[in-house]
Amino acid sequence: MDFKAELTRRALLVDKALDSYLPAADAYPSVIHEAIRYSIFAGGKRLRPALVMASACAVGGDENLVLPAACAVEVLHTYSLVHDDLPAMDNDDLRRGKPTCHKKFGEAIAILAGDSMLTMAFALLAGMAGRVMPDRVVQVISEVALAAGTCGLIGGQVVDLLSSENEITKQELEYIHTHKTGALYRASVRAGAILSGASPEQIQNLTAYADNLGLAFQIVDDILDIEGDEEKLGKPVGSDNKNQKATYPALYGLEESRKLARAAGDYALAALNSLGAEAEFLRLLVQFVLSREY
């Protein structure tokens with residue numbers, strides 16, 4: 001399997017579906033819909049929706065059936081980025097090489113665009129009740145809500161904000177990464193599996209995979225903020241240091257951080273041992289995350 005070609009194929013499917021689900025850019029009031037489309041189509045890798053689709057396929061499901069859920073997690077992810085970039089949060093001017101939403105449309109519209117995308121994500125999930133068993137849809141709505149709230153990415157963001165004011169422990173740093181980033185990886189993988197009728201054992205193994213993949217992704221993200229290429233990243237490097245954020249390199253050093261990322265990747269791969277060739281995309285994704293440059 002050509003991983004990048006397969007990721008591109010899935011990204012195109014997701015983008016086409018998103019274009020049909022989102023309000024038109026000129027729908028009144030147009031400025032909010034322009035801001036939403038600007039943020040969603042700003043060039044993301046679509047890893048999270050690809051995880052929804054790939055986990056469905058890994059347990060014998062249909063990637064097209066779970067496409068609305070894949071779009072929902074991407075919309076939710078984009079909301080979190082729009083809010084993270086705000087002056088009150090990370091105060092970033094660039095995202096994927098383009099001005100951030102608040103730099104393009106102003107803070108008020110950026111806040112409202114994020115709020116709109118959060119609610120839109122749950123509308124997309126709820127709309128699946130006509131094509132998937134309703135009890136599975138309700139379970140996924142609950143999973144995604146948990147991942148988006150104070151037990152997930154919001155909780156991780158809160159501790160991340162506090163980390164710029166105080167020294168934190170290694171346990172607190174792991175909490176930030178497993179919640180701010182990992183929670184949505186976990187929800188993405190579990191959503192695809194649950195909607196496809198996966199067994200409890202399959203869901204358990206895929207959850208372990210997602211948890212370790214998310215940790216590896218964030219450790220690599222921390223490393224790239226120090227030694228990445230700004231042109232490839234599409235944003236300035238060194239922002240974590242500028243904002244006095246706790247990172248793995250800050251607490252462990254670069255070489256140990258690389259070892260921890262590789263170890264998390266190994267755990268993720270081991271969690272897939274009971275799955276067959278249908279999980280090949282998930283395996284290749286681990287290698288992509290560990291070697292990525294953007």
# chains A, B, ... in the order shown; residues from 1 in each chain; ligands from 1

call {"tool": "residues_around", "arguments": {"residues": "A:Gly182", "least_positions_apart": "6", "cutoff": "12 Å", "atoms": "only C-alpha atoms", "output": "PyMOL selection string"}}
result
chain A and resi 48+77+147-148+151-157+174-176+188-189+207-219

call {"tool": "select_by_dssp", "arguments": {"residues": "stretch 155-275 of chain A", "states": "helix (DSSP H, G or I)", "output": "ChimeraX atom specification"}}
result
/A:155-163,170-195,200-227,230-233,239-242,248-252,254-270

call {"tool": "closest_atom_pairs", "arguments": {"of": "stretch 10-61 of chain A", "to": "stretch 259-280 of chain A", "cutoff": "8 Å", "atoms": "only C-alpha atoms", "output": "Markdown table"}}
result
| residue | atom | partner | partner_atom | distance |
| --- | --- | --- | --- | --- |
| A:Ala54 | CA | A:Ala279 | CA | 7.2 |
| A:Ser55 | CA | A:Ala279 | CA | 7.3 |
| A:Cys57 | CA | A:Glu278 | CA | 6.2 |
| A:Ala58 | CA | A:Ala279 | CA | 4.6 |
| A:Val59 | CA | A:Glu278 | CA | 7.5 |
| A:Gly60 | CA | A:Glu278 | CA | 7.6 |

call {"tool": "write_last_selection", "arguments": {"atoms": "N, CA and C atoms", "output": "short mmCIF file (atom, residue, chain, number, x, y, z; two decimals), in the first residue's frame"}}
result
data_model
loop_
_atom_site.label_atom_id
_atom_site.label_comp_id
_atom_site.auth_asym_id
_atom_site.auth_seq_id
_atom_site.Cartn_x
_atom_site.Cartn_y
_atom_site.Cartn_z
N ALA A 54 -10.26 4.34 8.44
CA ALA A 54 -9.36 3.20 8.48
C ALA A 54 -9.72 2.22 9.58
N SER A 55 -10.17 2.72 10.73
CA SER A 55 -10.55 1.80 11.81
C SER A 55 -11.82 1.05 11.45
N CYS A 57 -12.57 0.12 8.35
CA CYS A 57 -12.11 -0.92 7.43
C CYS A 57 -11.36 -2.03 8.17
N ALA A 58 -10.63 -1.67 9.22
CA ALA A 58 -9.83 -2.65 9.96
C ALA A 58 -10.70 -3.72 10.63
N VAL A 59 -11.94 -3.40 10.89
CA VAL A 59 -12.84 -4.37 11.54
C VAL A 59 -13.93 -4.85 10.57
N GLY A 60 -13.69 -4.65 9.27
CA GLY A 60 -14.61 -5.16 8.27
C GLY A 60 -15.74 -4.24 7.91
#

call {"tool": "closest_residue", "arguments": {"among": "A:Ile203, A:Ala70, A:Val52, A:Ile109", "to": "A:Ser30", "atoms": "only C-alpha atoms"}}
result
A:Ile109

call {"tool": "closest_residue", "arguments": {"among": "A:Leu224, A:Phe281, A:His179, A:Glu74", "to": "A:Ser257", "atoms": "only C-alpha atoms"}}
result
A:Leu224

call {"tool": "atom_distance", "arguments": {"atom1": "atom CA of A:Val14", "atom2": "atom CA of A:Ala69"}}
result
10.1 Å

call {"tool": "closest_residue", "arguments": {"among": "A:Arg131, A:Lys104, A:His83, A:Lys45", "to": "A:Val66", "atoms": "only C-alpha atoms"}}
result
A:Arg131

call {"tool": "atom_distance", "arguments": {"atom1": "atom CA of A:Ala191", "atom2": "atom CA of A:Pro23"}}
result
24.4 Å

call {"tool": "closest_residue", "arguments": {"among": "A:Cys101, A:Ala193, A:Met89, A:Leu285", "to": "A:Gly61", "atoms": "only C-alpha atoms"}}
result
A:Ala193

call {"tool": "select_by_dssp", "arguments": {"residues": "stretch 23-267 of chain A", "states": "strand (DSSP E)", "output": "list in words"}}
result
Leu94, Arg95, Lys98 and Pro99 of chain A

call {"tool": "write_last_selection", "arguments": {"atoms": "C-alpha atoms", "output": "short mmCIF file (atom, residue, chain, number, x, y, z; two decimals), in the first residue's frame"}}
result
data_model
loop_
_atom_site.label_atom_id
_atom_site.label_comp_id
_atom_site.auth_asym_id
_atom_site.auth_seq_id
_atom_site.Cartn_x
_atom_site.Cartn_y
_atom_site.Cartn_z
CA LEU A 94 -0.10 31.57 11.02
CA ARG A 95 -1.72 28.17 10.63
CA LYS A 98 -1.92 31.07 6.08
CA PRO A 99 -3.16 33.80 8.42
#

call {"tool": "atom_distance", "arguments": {"atom1": "atom CA of A:Gly114", "atom2": "atom CA of A:Thr78"}}
result
7.6 Å

call {"tool": "closest_residue", "arguments": {"among": "A:Ala11, A:Ile40, A:Leu65, A:Ala35", "to": "A:Ala110", "atoms": "only C-alpha atoms"}}
result
A:Ala35
